[in-house]
$ cat run-v8.cif   # mmCIF, N, CA and C atoms
data_start
loop_
_atom_site.group_PDB
_atom_site.id
_atom_site.type_symbol
_atom_site.label_atom_id
_atom_site.label_comp_id
_atom_site.auth_asym_id
_atom_site.auth_seq_id
_atom_site.Cartn_x
_atom_site.Cartn_y
_atom_site.Cartn_z
ATOM 1 N N MET A 1 76.880 103.722 107.572
ATOM 2 C CA MET A 1 77.061 102.551 106.757
ATOM 3 C C MET A 1 78.065 101.611 107.407
ATOM 4 N N GLY A 2 79.300 102.070 107.712
ATOM 5 C CA GLY A 2 80.255 101.258 108.425
ATOM 6 C C GLY A 2 80.970 100.213 107.598
ATOM 7 N N GLN A 3 80.877 100.246 106.287
ATOM 8 C CA GLN A 3 81.546 99.265 105.441
ATOM 9 C C GLN A 3 82.922 99.774 105.054
ATOM 10 N N SER A 4 83.862 98.848 104.895
ATOM 11 C CA SER A 4 85.228 99.206 104.537
ATOM 12 C C SER A 4 85.691 98.382 103.356
ATOM 13 N N ILE A 5 86.565 98.985 102.558
ATOM 14 C CA ILE A 5 87.236 98.279 101.469
ATOM 15 C C ILE A 5 88.728 98.415 101.722
ATOM 16 N N VAL A 6 89.442 97.324 101.535
ATOM 17 C CA VAL A 6 90.885 97.293 101.726
ATOM 18 C C VAL A 6 91.540 97.074 100.370
ATOM 19 N N ALA A 7 92.607 97.819 100.090
ATOM 20 C CA ALA A 7 93.408 97.633 98.881
ATOM 21 C C ALA A 7 94.786 97.165 99.307
ATOM 22 N N ILE A 8 95.181 95.993 98.822
ATOM 23 C CA ILE A 8 96.482 95.420 99.169
ATOM 24 C C ILE A 8 97.253 95.185 97.879
ATOM 25 N N LYS A 9 98.474 95.677 97.850
ATOM 26 C CA LYS A 9 99.313 95.529 96.667
ATOM 27 C C LYS A 9 99.538 94.053 96.392
ATOM 28 N N SER A 10 99.366 93.646 95.145
ATOM 29 C CA SER A 10 99.517 92.234 94.820
ATOM 30 C C SER A 10 100.952 91.791 95.070
ATOM 31 N N GLY A 11 101.087 90.598 95.582
ATOM 32 C CA GLY A 11 102.394 90.058 95.925
ATOM 33 C C GLY A 11 102.845 90.393 97.325
ATOM 34 N N THR A 12 102.026 91.120 98.100
ATOM 35 C CA THR A 12 102.367 91.457 99.476
ATOM 36 C C THR A 12 101.289 90.944 100.413
ATOM 37 N N ASP A 13 101.613 90.884 101.678
ATOM 38 C CA ASP A 13 100.656 90.463 102.704
ATOM 39 C C ASP A 13 100.060 91.694 103.372
ATOM 40 N N PRO A 14 98.867 91.560 103.977
ATOM 41 C CA PRO A 14 98.300 92.694 104.715
ATOM 42 C C PRO A 14 99.211 93.090 105.866
ATOM 43 N N VAL A 15 99.352 94.385 106.075
ATOM 44 C CA VAL A 15 100.198 94.896 107.146
ATOM 45 C C VAL A 15 99.395 95.022 108.437
ATOM 46 N N ALA A 16 98.124 95.383 108.320
ATOM 47 C CA ALA A 16 97.238 95.548 109.477
ATOM 48 C C ALA A 16 96.126 94.508 109.376
ATOM 49 N N PRO A 17 95.387 94.310 110.449
ATOM 50 C CA PRO A 17 94.265 93.362 110.382
ATOM 51 C C PRO A 17 93.219 93.824 109.373
ATOM 52 N N LEU A 18 92.581 92.871 108.727
ATOM 53 C CA LEU A 18 91.504 93.192 107.794
ATOM 54 C C LEU A 18 90.270 93.607 108.580
ATOM 55 N N PRO A 19 89.334 94.340 107.964
ATOM 56 C CA PRO A 19 88.126 94.750 108.689
ATOM 57 C C PRO A 19 87.360 93.534 109.214
ATOM 58 N N VAL A 20 86.616 93.738 110.270
ATOM 59 C CA VAL A 20 85.860 92.660 110.887
ATOM 60 C C VAL A 20 84.776 92.185 109.921
ATOM 61 N N ALA A 21 84.781 90.899 109.632
ATOM 62 C CA ALA A 21 83.774 90.287 108.754
ATOM 63 C C ALA A 21 83.829 88.783 108.955
ATOM 64 N N ALA A 22 82.699 88.121 108.698
ATOM 65 C CA ALA A 22 82.684 86.668 108.821
ATOM 66 C C ALA A 22 83.560 86.049 107.728
ATOM 67 N N PHE A 23 83.412 86.540 106.498
ATOM 68 C CA PHE A 23 84.211 86.082 105.368
ATOM 69 C C PHE A 23 84.597 87.297 104.545
ATOM 70 N N HIS A 24 85.782 87.249 103.954
ATOM 71 C CA HIS A 24 86.215 88.319 103.070
ATOM 72 C C HIS A 24 86.171 87.829 101.632
ATOM 73 N N ARG A 25 85.975 88.762 100.734
ATOM 74 C CA ARG A 25 85.941 88.438 99.315
ATOM 75 C C ARG A 25 86.868 89.382 98.571
ATOM 76 N N THR A 26 87.659 88.849 97.651
ATOM 77 C CA THR A 26 88.500 89.668 96.787
ATOM 78 C C THR A 26 87.707 89.977 95.532
ATOM 79 N N LEU A 27 87.566 91.254 95.229
ATOM 80 C CA LEU A 27 86.797 91.657 94.047
ATOM 81 C C LEU A 27 87.555 91.293 92.774
ATOM 82 N N GLU A 28 86.802 91.076 91.707
ATOM 83 C CA GLU A 28 87.398 90.653 90.443
ATOM 84 C C GLU A 28 88.176 91.763 89.757
ATOM 85 N N ASP A 29 87.800 93.019 89.955
ATOM 86 C CA ASP A 29 88.450 94.141 89.289
ATOM 87 C C ASP A 29 89.426 94.822 90.234
ATOM 88 N N PRO A 30 90.735 94.579 90.073
ATOM 89 C CA PRO A 30 91.713 95.273 90.912
ATOM 90 C C PRO A 30 91.913 96.708 90.426
ATOM 91 N N ILE A 31 92.666 97.483 91.186
ATOM 92 C CA ILE A 31 93.005 98.849 90.796
ATOM 93 C C ILE A 31 94.436 98.833 90.274
ATOM 94 N N TYR A 32 94.625 99.370 89.073
ATOM 95 C CA TYR A 32 95.940 99.461 88.459
ATOM 96 C C TYR A 32 96.428 100.893 88.511
ATOM 97 N N CYS A 33 97.720 101.066 88.728
ATOM 98 C CA CYS A 33 98.315 102.393 88.599
ATOM 99 C C CYS A 33 98.478 102.640 87.104
ATOM 100 N N PRO A 34 97.966 103.749 86.578
ATOM 101 C CA PRO A 34 98.032 103.972 85.131
ATOM 102 C C PRO A 34 99.448 104.271 84.627
ATOM 103 N N LYS A 35 100.382 104.563 85.514
ATOM 104 C CA LYS A 35 101.722 104.944 85.084
ATOM 105 C C LYS A 35 102.755 103.821 85.219
ATOM 106 N N CYS A 36 102.425 102.781 85.945
ATOM 107 C CA CYS A 36 103.377 101.686 86.126
ATOM 108 C C CYS A 36 102.604 100.378 86.265
ATOM 109 N N GLU A 37 103.262 99.346 86.719
ATOM 110 C CA GLU A 37 102.625 98.037 86.782
ATOM 111 C C GLU A 37 102.154 97.655 88.175
ATOM 112 N N ALA A 38 101.907 98.610 89.038
ATOM 113 C CA ALA A 38 101.422 98.313 90.391
ATOM 114 C C ALA A 38 99.944 97.941 90.333
ATOM 115 N N THR A 39 99.588 96.862 90.990
ATOM 116 C CA THR A 39 98.218 96.366 91.028
ATOM 117 C C THR A 39 97.806 96.177 92.483
ATOM 118 N N TYR A 40 96.627 96.662 92.827
ATOM 119 C CA TYR A 40 96.102 96.523 94.181
ATOM 120 C C TYR A 40 94.804 95.722 94.128
ATOM 121 N N ASN A 41 94.736 94.652 94.911
ATOM 122 C CA ASN A 41 93.527 93.834 95.006
ATOM 123 C C ASN A 41 92.609 94.429 96.066
ATOM 124 N N LEU A 42 91.313 94.421 95.789
ATOM 125 C CA LEU A 42 90.321 94.980 96.704
ATOM 126 C C LEU A 42 89.665 93.861 97.495
ATOM 127 N N ILE A 43 89.604 94.030 98.808
ATOM 128 C CA ILE A 43 89.022 93.023 99.700
ATOM 129 C C ILE A 43 87.890 93.666 100.479
ATOM 130 N N VAL A 44 86.713 93.000 100.483
ATOM 131 C CA VAL A 44 85.530 93.527 101.163
ATOM 132 C C VAL A 44 84.837 92.404 101.925
ATOM 133 N N ASP A 45 83.878 92.792 102.748
ATOM 134 C CA ASP A 45 83.029 91.841 103.454
ATOM 135 C C ASP A 45 82.173 91.098 102.422
ATOM 136 N N TYR A 46 82.120 89.776 102.519
ATOM 137 C CA TYR A 46 81.397 88.966 101.540
ATOM 138 C C TYR A 46 79.913 89.343 101.468
ATOM 139 N N ASP A 47 79.271 89.515 102.616
ATOM 140 C CA ASP A 47 77.846 89.820 102.616
ATOM 141 C C ASP A 47 77.543 91.141 101.906
ATOM 142 N N TRP A 48 78.422 92.128 102.101
ATOM 143 C CA TRP A 48 78.239 93.411 101.434
ATOM 144 C C TRP A 48 78.500 93.279 99.928
ATOM 145 N N ALA A 49 79.512 92.466 99.570
ATOM 146 C CA ALA A 49 79.892 92.310 98.162
ATOM 147 C C ALA A 49 78.799 91.647 97.331
ATOM 148 N N VAL A 50 77.986 90.801 97.943
ATOM 149 C CA VAL A 50 76.943 90.117 97.179
ATOM 150 C C VAL A 50 75.576 90.796 97.316
ATOM 151 N N SER A 51 75.525 91.926 98.024
ATOM 152 C CA SER A 51 74.242 92.619 98.163
ATOM 153 C C SER A 51 73.856 93.309 96.858
ATOM 154 N N ARG A 52 72.598 93.614 96.722
ATOM 155 C CA ARG A 52 72.057 94.167 95.492
ATOM 156 C C ARG A 52 72.616 95.550 95.168
ATOM 157 N N HIS A 53 72.862 96.366 96.166
ATOM 158 C CA HIS A 53 73.273 97.748 95.947
ATOM 159 C C HIS A 53 74.776 97.964 96.121
ATOM 160 N N PHE A 54 75.551 96.897 96.099
ATOM 161 C CA PHE A 54 76.990 97.025 96.342
ATOM 162 C C PHE A 54 77.673 97.936 95.328
ATOM 163 N N GLU A 55 77.334 97.815 94.071
ATOM 164 C CA GLU A 55 77.996 98.612 93.028
ATOM 165 C C GLU A 55 77.832 100.109 93.278
ATOM 166 N N ASN A 56 76.639 100.534 93.661
ATOM 167 C CA ASN A 56 76.405 101.957 93.938
ATOM 168 C C ASN A 56 77.012 102.384 95.269
ATOM 169 N N GLU A 57 76.912 101.530 96.298
ATOM 170 C CA GLU A 57 77.413 101.887 97.622
ATOM 171 C C GLU A 57 78.940 101.927 97.672
ATOM 172 N N SER A 58 79.606 101.141 96.844
ATOM 173 C CA SER A 58 81.064 101.063 96.898
ATOM 174 C C SER A 58 81.756 102.041 95.952
ATOM 175 N N ARG A 59 81.008 102.753 95.143
ATOM 176 C CA ARG A 59 81.601 103.650 94.149
ATOM 177 C C ARG A 59 82.524 104.688 94.785
ATOM 178 N N ARG A 60 82.090 105.300 95.869
ATOM 179 C CA ARG A 60 82.901 106.328 96.532
ATOM 180 C C ARG A 60 84.165 105.718 97.141
ATOM 181 N N HIS A 61 84.046 104.535 97.735
ATOM 182 C CA HIS A 61 85.194 103.852 98.323
ATOM 183 C C HIS A 61 86.271 103.608 97.260
ATOM 184 N N VAL A 62 85.853 103.058 96.133
ATOM 185 C CA VAL A 62 86.796 102.712 95.070
ATOM 186 C C VAL A 62 87.425 103.977 94.478
ATOM 187 N N ALA A 63 86.649 105.030 94.331
ATOM 188 C CA ALA A 63 87.187 106.285 93.788
ATOM 189 C C ALA A 63 88.270 106.856 94.702
ATOM 190 N N LEU A 64 88.051 106.822 96.016
ATOM 191 C CA LEU A 64 89.063 107.312 96.958
ATOM 192 C C LEU A 64 90.335 106.462 96.909
ATOM 193 N N LEU A 65 90.170 105.150 96.844
ATOM 194 C CA LEU A 65 91.335 104.280 96.771
ATOM 195 C C LEU A 65 92.096 104.487 95.461
ATOM 196 N N ARG A 66 91.381 104.616 94.359
ATOM 197 C CA ARG A 66 92.020 104.828 93.054
ATOM 198 C C ARG A 66 92.840 106.123 93.056
ATOM 199 N N LYS A 67 92.284 107.180 93.622
ATOM 200 C CA LYS A 67 92.982 108.462 93.688
ATOM 201 C C LYS A 67 94.232 108.354 94.561
ATOM 202 N N THR A 68 94.128 107.686 95.695
ATOM 203 C CA THR A 68 95.265 107.528 96.599
ATOM 204 C C THR A 68 96.369 106.691 95.963
ATOM 205 N N ILE A 69 96.005 105.623 95.294
ATOM 206 C CA ILE A 69 96.992 104.754 94.658
ATOM 207 C C ILE A 69 97.694 105.492 93.525
ATOM 208 N N THR A 70 96.969 106.277 92.767
ATOM 209 C CA THR A 70 97.585 107.050 91.693
ATOM 210 C C THR A 70 98.584 108.051 92.243
ATOM 211 N N ARG A 71 98.273 108.676 93.349
ATOM 212 C CA ARG A 71 99.209 109.621 93.972
ATOM 213 C C ARG A 71 100.423 108.918 94.563
ATOM 214 N N GLY A 72 100.306 107.651 94.891
ATOM 215 C CA GLY A 72 101.432 106.902 95.444
ATOM 216 C C GLY A 72 102.492 106.556 94.424
ATOM 217 N N HIS A 73 102.211 106.811 93.151
ATOM 218 C CA HIS A 73 103.177 106.507 92.102
ATOM 219 C C HIS A 73 104.464 107.322 92.272
ATOM 220 N N SER A 74 104.343 108.549 92.746
ATOM 221 C CA SER A 74 105.514 109.419 92.867
ATOM 222 C C SER A 74 106.516 108.927 93.906
ATOM 223 N N VAL A 75 106.098 108.097 94.836
ATOM 224 C CA VAL A 75 107.011 107.564 95.857
ATOM 225 C C VAL A 75 107.263 106.074 95.665
ATOM 226 N N GLY A 76 106.950 105.561 94.489
ATOM 227 C CA GLY A 76 107.256 104.163 94.182
ATOM 228 C C GLY A 76 106.341 103.146 94.821
ATOM 229 N N HIS A 77 105.135 103.543 95.183
ATOM 230 C CA HIS A 77 104.148 102.631 95.789
ATOM 231 C C HIS A 77 104.743 101.880 96.983
ATOM 232 N N ARG A 78 105.373 102.631 97.890
ATOM 233 C CA ARG A 78 105.972 102.009 99.080
ATOM 234 C C ARG A 78 104.914 101.497 100.041
ATOM 235 N N ILE A 79 103.758 102.130 100.092
ATOM 236 C CA ILE A 79 102.692 101.689 100.997
ATOM 237 C C ILE A 79 101.908 100.595 100.294
ATOM 238 N N THR A 80 101.778 99.459 100.960
ATOM 239 C CA THR A 80 101.169 98.299 100.321
ATOM 240 C C THR A 80 99.769 97.982 100.834
ATOM 241 N N HIS A 81 99.266 98.716 101.822
ATOM 242 C CA HIS A 81 97.977 98.384 102.440
ATOM 243 C C HIS A 81 97.209 99.677 102.717
ATOM 244 N N PHE A 82 96.082 99.854 102.031
ATOM 245 C CA PHE A 82 95.188 100.992 102.243
ATOM 246 C C PHE A 82 93.834 100.480 102.695
ATOM 247 N N GLU A 83 93.132 101.302 103.483
ATOM 248 C CA GLU A 83 91.779 100.952 103.926
ATOM 249 C C GLU A 83 90.939 102.219 103.936
ATOM 250 N N THR A 84 89.695 102.116 103.449
ATOM 251 C CA THR A 84 88.807 103.269 103.463
ATOM 252 C C THR A 84 87.409 102.862 103.881
ATOM 253 N N ASN A 85 86.728 103.803 104.529
ATOM 254 C CA ASN A 85 85.320 103.611 104.880
ATOM 255 C C ASN A 85 84.444 104.535 104.051
ATOM 256 N N GLY A 86 85.015 105.122 103.000
ATOM 257 C CA GLY A 86 84.269 106.013 102.132
ATOM 258 C C GLY A 86 84.453 107.475 102.464
ATOM 259 N N VAL A 87 85.102 107.774 103.583
ATOM 260 C CA VAL A 87 85.309 109.157 103.998
ATOM 261 C C VAL A 87 86.801 109.491 103.991
ATOM 262 N N VAL A 88 87.604 108.609 104.562
ATOM 263 C CA VAL A 88 89.038 108.841 104.675
ATOM 264 C C VAL A 88 89.773 107.551 104.310
ATOM 265 N N VAL A 89 90.960 107.711 103.739
ATOM 266 C CA VAL A 89 91.797 106.558 103.400
ATOM 267 C C VAL A 89 92.922 106.482 104.422
ATOM 268 N N VAL A 90 93.095 105.308 105.013
ATOM 269 C CA VAL A 90 94.154 105.082 105.995
ATOM 270 C C VAL A 90 95.232 104.235 105.331
ATOM 271 N N ALA A 91 96.475 104.699 105.397
ATOM 272 C CA ALA A 91 97.605 103.949 104.860
ATOM 273 C C ALA A 91 98.290 103.245 106.021
ATOM 274 N N HIS A 92 98.346 101.935 105.961
ATOM 275 C CA HIS A 92 99.004 101.157 107.009
ATOM 276 C C HIS A 92 100.433 100.874 106.571
ATOM 277 N N LYS A 93 101.384 101.216 107.419
ATOM 278 C CA LYS A 93 102.793 100.987 107.121
ATOM 279 C C LYS A 93 103.305 99.826 107.949
ATOM 280 N N ALA A 94 104.225 99.092 107.355
ATOM 281 C CA ALA A 94 104.859 97.991 108.086
ATOM 282 C C ALA A 94 105.762 98.571 109.159
ATOM 283 N N GLU A 95 105.834 97.884 110.272
ATOM 284 C CA GLU A 95 106.722 98.327 111.330
ATOM 285 C C GLU A 95 108.161 98.201 110.847
ATOM 286 N N ALA A 96 108.957 99.173 111.186
ATOM 287 C CA ALA A 96 110.347 99.177 110.749
ATOM 288 C C ALA A 96 111.095 98.003 111.366
ATOM 289 N N GLN A 97 111.752 97.255 110.526
ATOM 290 C CA GLN A 97 112.549 96.133 110.994
ATOM 291 C C GLN A 97 113.898 96.660 111.457
ATOM 292 N N PRO A 98 114.347 96.309 112.656
ATOM 293 C CA PRO A 98 115.653 96.789 113.099
ATOM 294 C C PRO A 98 116.756 96.170 112.230
ATOM 295 N N GLU A 99 117.704 97.006 111.863
ATOM 296 C CA GLU A 99 118.813 96.509 111.057
ATOM 297 C C GLU A 99 119.812 95.790 111.936
ATOM 298 N N LEU A 100 120.287 94.682 111.450
ATOM 299 C CA LEU A 100 121.293 93.929 112.181
ATOM 300 C C LEU A 100 122.660 94.532 111.908
ATOM 301 N N PRO A 101 123.530 94.548 112.918
ATOM 302 C CA PRO A 101 124.873 95.080 112.676
ATOM 303 C C PRO A 101 125.614 94.159 111.716
ATOM 304 N N PRO A 102 126.545 94.699 110.950
ATOM 305 C CA PRO A 102 127.284 93.847 110.014
ATOM 306 C C PRO A 102 128.115 92.808 110.763
ATOM 307 N N MET A 103 128.254 91.666 110.147
ATOM 308 C CA MET A 103 129.051 90.580 110.748
ATOM 309 C C MET A 103 130.529 90.945 110.681
ATOM 310 N N PRO A 104 131.261 90.741 111.779
ATOM 311 C CA PRO A 104 132.694 91.040 111.748
ATOM 312 C C PRO A 104 133.413 90.028 110.852
ATOM 313 N N ARG A 105 134.412 90.522 110.163
ATOM 314 C CA ARG A 105 135.194 89.650 109.296
ATOM 315 C C ARG A 105 136.422 89.184 110.048
ATOM 316 N N HIS A 106 136.661 87.918 109.970
ATOM 317 C CA HIS A 106 137.840 87.342 110.624
ATOM 318 C C HIS A 106 138.936 87.193 109.564
ATOM 319 N N VAL A 107 140.030 87.807 109.837
ATOM 320 C CA VAL A 107 141.157 87.720 108.924
ATOM 321 C C VAL A 107 142.123 86.680 109.463
ATOM 322 N N MET A 108 142.479 85.745 108.623
ATOM 323 C CA MET A 108 143.416 84.703 109.054
ATOM 324 C C MET A 108 144.705 84.829 108.337
#

$ encode --input "run-v8.cif" --output "structure tokens"
Amino acid sequence: MGQSIVAIKSGTDPVAPLPVAAFHRTLEDPIYCPKCEATYNLIVDYDWAVSRHFENESRRHVALLRKTITRGHSVGHRITHFETNGVVVVAHKAEAQPELPPMPRHVM
């Protein structure tokens, strides 16, 4: 099949590139964490999203993402970008930003 669905936490930017597609579409039904207020928007290839069998073909993808997002509640939903092809869910993490040393204080 080769289709992918991406879940991105609302209010954040994608950490990794989105799957290859001419146009992307955000689905109307996001995934909510049932224990807190975390919301993940689902992004898919437009052509796949408007196909006749999309609802049946995407069921497994959405179920895997929903399960992964629910399990992320225990760590405070630190991962903001998930991607699945229906078999495995990949969590993309932001590259660690180097911490700047503290500014020296000048005493006068």

$ resolve_selection --input "run-v8.cif" --expression "the PyMOL selection byres (((chain A and resi 77 and name CA) around 12) and name CA)" --output "number ranges by chain"
A: 8-10, 12, 32-33, 35-40, 68-76, 78-82, 91, 93

$ select_by_dssp --input "run-v8.cif" --residues "chain A" --states "alpha helix (DSSP H)" --output "mmCIF file with N, CA and C atoms, in the coordinates of the input"
data_model
loop_
_atom_site.group_PDB
_atom_site.id
_atom_site.type_symbol
_atom_site.label_atom_id
_atom_site.label_comp_id
_atom_site.auth_asym_id
_atom_site.auth_seq_id
_atom_site.Cartn_x
_atom_site.Cartn_y
_atom_site.Cartn_z
ATOM 1 N N TYR A 46 82.120 89.776 102.519
ATOM 2 C CA TYR A 46 81.397 88.966 101.540
ATOM 3 C C TYR A 46 79.913 89.343 101.468
ATOM 4 N N ASP A 47 79.271 89.515 102.616
ATOM 5 C CA ASP A 47 77.846 89.820 102.616
ATOM 6 C C ASP A 47 77.543 91.141 101.906
ATOM 7 N N TRP A 48 78.422 92.128 102.101
ATOM 8 C CA TRP A 48 78.239 93.411 101.434
ATOM 9 C C TRP A 48 78.500 93.279 99.928
ATOM 10 N N ALA A 49 79.512 92.466 99.570
ATOM 11 C CA ALA A 49 79.892 92.310 98.162
ATOM 12 C C ALA A 49 78.799 91.647 97.331
ATOM 13 N N PHE A 54 75.551 96.897 96.099
ATOM 14 C CA PHE A 54 76.990 97.025 96.342
ATOM 15 C C PHE A 54 77.673 97.936 95.328
ATOM 16 N N GLU A 55 77.334 97.815 94.071
ATOM 17 C CA GLU A 55 77.996 98.612 93.028
ATOM 18 C C GLU A 55 77.832 100.109 93.278
ATOM 19 N N ASN A 56 76.639 100.534 93.661
ATOM 20 C CA ASN A 56 76.405 101.957 93.938
ATOM 21 C C ASN A 56 77.012 102.384 95.269
ATOM 22 N N GLU A 57 76.912 101.530 96.298
ATOM 23 C CA GLU A 57 77.413 101.887 97.622
ATOM 24 C C GLU A 57 78.940 101.927 97.672
ATOM 25 N N ARG A 59 81.008 102.753 95.143
ATOM 26 C CA ARG A 59 81.601 103.650 94.149
ATOM 27 C C ARG A 59 82.524 104.688 94.785
ATOM 28 N N ARG A 60 82.090 105.300 95.869
ATOM 29 C CA ARG A 60 82.901 106.328 96.532
ATOM 30 C C ARG A 60 84.165 105.718 97.141
ATOM 31 N N HIS A 61 84.046 104.535 97.735
ATOM 32 C CA HIS A 61 85.194 103.852 98.323
ATOM 33 C C HIS A 61 86.271 103.608 97.260
ATOM 34 N N VAL A 62 85.853 103.058 96.133
ATOM 35 C CA VAL A 62 86.796 102.712 95.070
ATOM 36 C C VAL A 62 87.425 103.977 94.478
ATOM 37 N N ALA A 63 86.649 105.030 94.331
ATOM 38 C CA ALA A 63 87.187 106.285 93.788
ATOM 39 C C ALA A 63 88.270 106.856 94.702
ATOM 40 N N LEU A 64 88.051 106.822 96.016
ATOM 41 C CA LEU A 64 89.063 107.312 96.958
ATOM 42 C C LEU A 64 90.335 106.462 96.909
ATOM 43 N N LEU A 65 90.170 105.150 96.844
ATOM 44 C CA LEU A 65 91.335 104.280 96.771
ATOM 45 C C LEU A 65 92.096 104.487 95.461
ATOM 46 N N ARG A 66 91.381 104.616 94.359
ATOM 47 C CA ARG A 66 92.020 104.828 93.054
ATOM 48 C C ARG A 66 92.840 106.123 93.056
ATOM 49 N N LYS A 67 92.284 107.180 93.622
ATOM 50 C CA LYS A 67 92.982 108.462 93.688
ATOM 51 C C LYS A 67 94.232 108.354 94.561
ATOM 52 N N THR A 68 94.128 107.686 95.695
ATOM 53 C CA THR A 68 95.265 107.528 96.599
ATOM 54 C C THR A 68 96.369 106.691 95.963
ATOM 55 N N ILE A 69 96.005 105.623 95.294
ATOM 56 C CA ILE A 69 96.992 104.754 94.658
ATOM 57 C C ILE A 69 97.694 105.492 93.525
ATOM 58 N N THR A 70 96.969 106.277 92.767
ATOM 59 C CA THR A 70 97.585 107.050 91.693
ATOM 60 C C THR A 70 98.584 108.051 92.243
ATOM 61 N N ARG A 71 98.273 108.676 93.349
ATOM 62 C CA ARG A 71 99.209 109.621 93.972
ATOM 63 C C ARG A 71 100.423 108.918 94.563
#

$ closest_residue --input "run-v8.cif" --among "A:Val90, A:Ile5, A:Val62, A:Leu42" --to "Glu28 (chain A)" --atoms "all atoms listed in the file"
A:Leu42

$ select_by_dssp --input "run-v8.cif" --residues "chain A" --states "strand (DSSP E or B)" --output "list in words"
Ile5, Val6, Ala7, Ile8, Lys9, His24, Arg25, Thr26, Ile31, Tyr32, Thr39, Tyr40, Asn41, Leu42, Ile43, Val44, Asp45, His81, Phe82, Glu83, Thr84, Val89, Val90, Ala91 and His92 of chain A

$ atom_distance --input "run-v8.cif" --atom1 "atom N of Ile31 (chain A)" --atom2 "CA of Ala49 (chain A)"
15.4 Å

$ atom_distance --input "run-v8.cif" --atom1 "atom N of Val89 (chain A)" --atom2 "atom N of Arg60 (chain A)"
12.1 Å

$ resolve_selection --input "run-v8.cif" --expression "the PyMOL selection byres ((chain A and resi 2) around 8)" --output "MDAnalysis selection string"
chainID A and resid 1 3:5 84:86

$ atom_distance --input "run-v8.cif" --atom1 "CA of Asn41 (chain A)" --atom2 "atom N of Asp29 (chain A)"
7.7 Å

$ closest_residue --input "run-v8.cif" --among "A:His24, A:Val88, A:Lys67, A:Gly11" --to "Trp48 (chain A)" --atoms "only C-alpha atoms"
A:His24

$ residues_near_point --input "run-v8.cif" --point "(93.1, 100.8, 95.5)" --cutoff "5 Å" --atoms "only N, CA and C atoms" --output "PDB file with N, CA and C atoms, keeping the file's coordinate frame"
ATOM      1  N   ALA A   7      92.607  97.819 100.090  1.00  0.00           N
ATOM      2  CA  ALA A   7      93.408  97.633  98.881  1.00  0.00           C
ATOM      3  C   ALA A   7      94.786  97.165  99.307  1.00  0.00           C
ATOM      4  N   LEU A  65      90.170 105.150  96.844  1.00  0.00           N
ATOM      5  CA  LEU A  65      91.335 104.280  96.771  1.00  0.00           C
ATOM      6  C   LEU A  65      92.096 104.487  95.461  1.00  0.00           C
ATOM      7  N   ARG A  66      91.381 104.616  94.359  1.00  0.00           N
ATOM      8  CA  ARG A  66      92.020 104.828  93.054  1.00  0.00           C
ATOM      9  C   ARG A  66      92.840 106.123  93.056  1.00  0.00           C
TER      10      ARG A  66
END

$ axis_aligned_box --input "run-v8.cif" --around "region 67-84 of chain A" --padding-each-side "6 Å" --output "JSON"
{"center_x": 97.3, "center_y": 103.8, "center_z": 97.8, "size_x": 31.9, "size_y": 23.6, "size_z": 24.2}

$ residues_around --input "run-v8.cif" --residues "Ala22 (chain A)" --least-positions-apart "6" --cutoff "8 Å" --atoms "all atoms listed in the file" --output "MDAnalysis selection string"
chainID A and resid 45:47

$ decode --input "run-v8.cif" --residues "region 77-85 of chain A" --atoms "N, CA, C and O atoms" --output "PDB file, in the first residue's frame"
ATOM      1  N   HIS A  77       3.227  13.571  26.991  1.00  0.00           N
ATOM      2  CA  HIS A  77       3.136  13.843  25.545  1.00  0.00           C
ATOM      3  C   HIS A  77       4.320  14.683  25.061  1.00  0.00           C
ATOM      4  O   HIS A  77       4.161  15.674  24.374  1.00  0.00           O
ATOM      5  N   ARG A  78       5.530  14.251  25.427  1.00  0.00           N
ATOM      6  CA  ARG A  78       6.735  14.981  25.006  1.00  0.00           C
ATOM      7  C   ARG A  78       6.988  14.840  23.515  1.00  0.00           C
ATOM      8  O   ARG A  78       7.559  15.723  22.900  1.00  0.00           O
ATOM      9  N   ILE A  79       6.601  13.728  22.920  1.00  0.00           N
ATOM     10  CA  ILE A  79       6.813  13.526  21.483  1.00  0.00           C
ATOM     11  C   ILE A  79       5.650  14.165  20.746  1.00  0.00           C
ATOM     12  O   ILE A  79       4.487  13.870  21.013  1.00  0.00           O
ATOM     13  N   THR A  80       5.972  15.039  19.806  1.00  0.00           N
ATOM     14  CA  THR A  80       4.935  15.815  19.138  1.00  0.00           C
ATOM     15  C   THR A  80       4.672  15.377  17.702  1.00  0.00           C
ATOM     16  O   THR A  80       3.784  15.925  17.066  1.00  0.00           O
ATOM     17  N   HIS A  81       5.421  14.411  17.178  1.00  0.00           N
ATOM     18  CA  HIS A  81       5.298  14.030  15.765  1.00  0.00           C
ATOM     19  C   HIS A  81       5.402  12.510  15.648  1.00  0.00           C
ATOM     20  O   HIS A  81       6.437  11.929  15.946  1.00  0.00           O
ATOM     21  N   PHE A  82       4.312  11.872  15.227  1.00  0.00           N
ATOM     22  CA  PHE A  82       4.274  10.433  14.977  1.00  0.00           C
ATOM     23  C   PHE A  82       3.946  10.192  13.516  1.00  0.00           C
ATOM     24  O   PHE A  82       3.238  10.984  12.898  1.00  0.00           O
ATOM     25  N   GLU A  83       4.444   9.071  12.982  1.00  0.00           N
ATOM     26  CA  GLU A  83       4.137   8.691  11.601  1.00  0.00           C
ATOM     27  C   GLU A  83       3.971   7.180  11.548  1.00  0.00           C
ATOM     28  O   GLU A  83       4.722   6.440  12.175  1.00  0.00           O
ATOM     29  N   THR A  84       2.951   6.715  10.815  1.00  0.00           N
ATOM     30  CA  THR A  84       2.746   5.282  10.672  1.00  0.00           C
ATOM     31  C   THR A  84       2.387   4.931   9.243  1.00  0.00           C
ATOM     32  O   THR A  84       1.764   5.722   8.536  1.00  0.00           O
ATOM     33  N   ASN A  85       2.793   3.729   8.848  1.00  0.00           N
ATOM     34  CA  ASN A  85       2.407   3.191   7.542  1.00  0.00           C
ATOM     35  C   ASN A  85       1.438   2.035   7.718  1.00  0.00           C
ATOM     36  O   ASN A  85       1.200   1.279   6.795  1.00  0.00           O
TER      37      ASN A  85
END
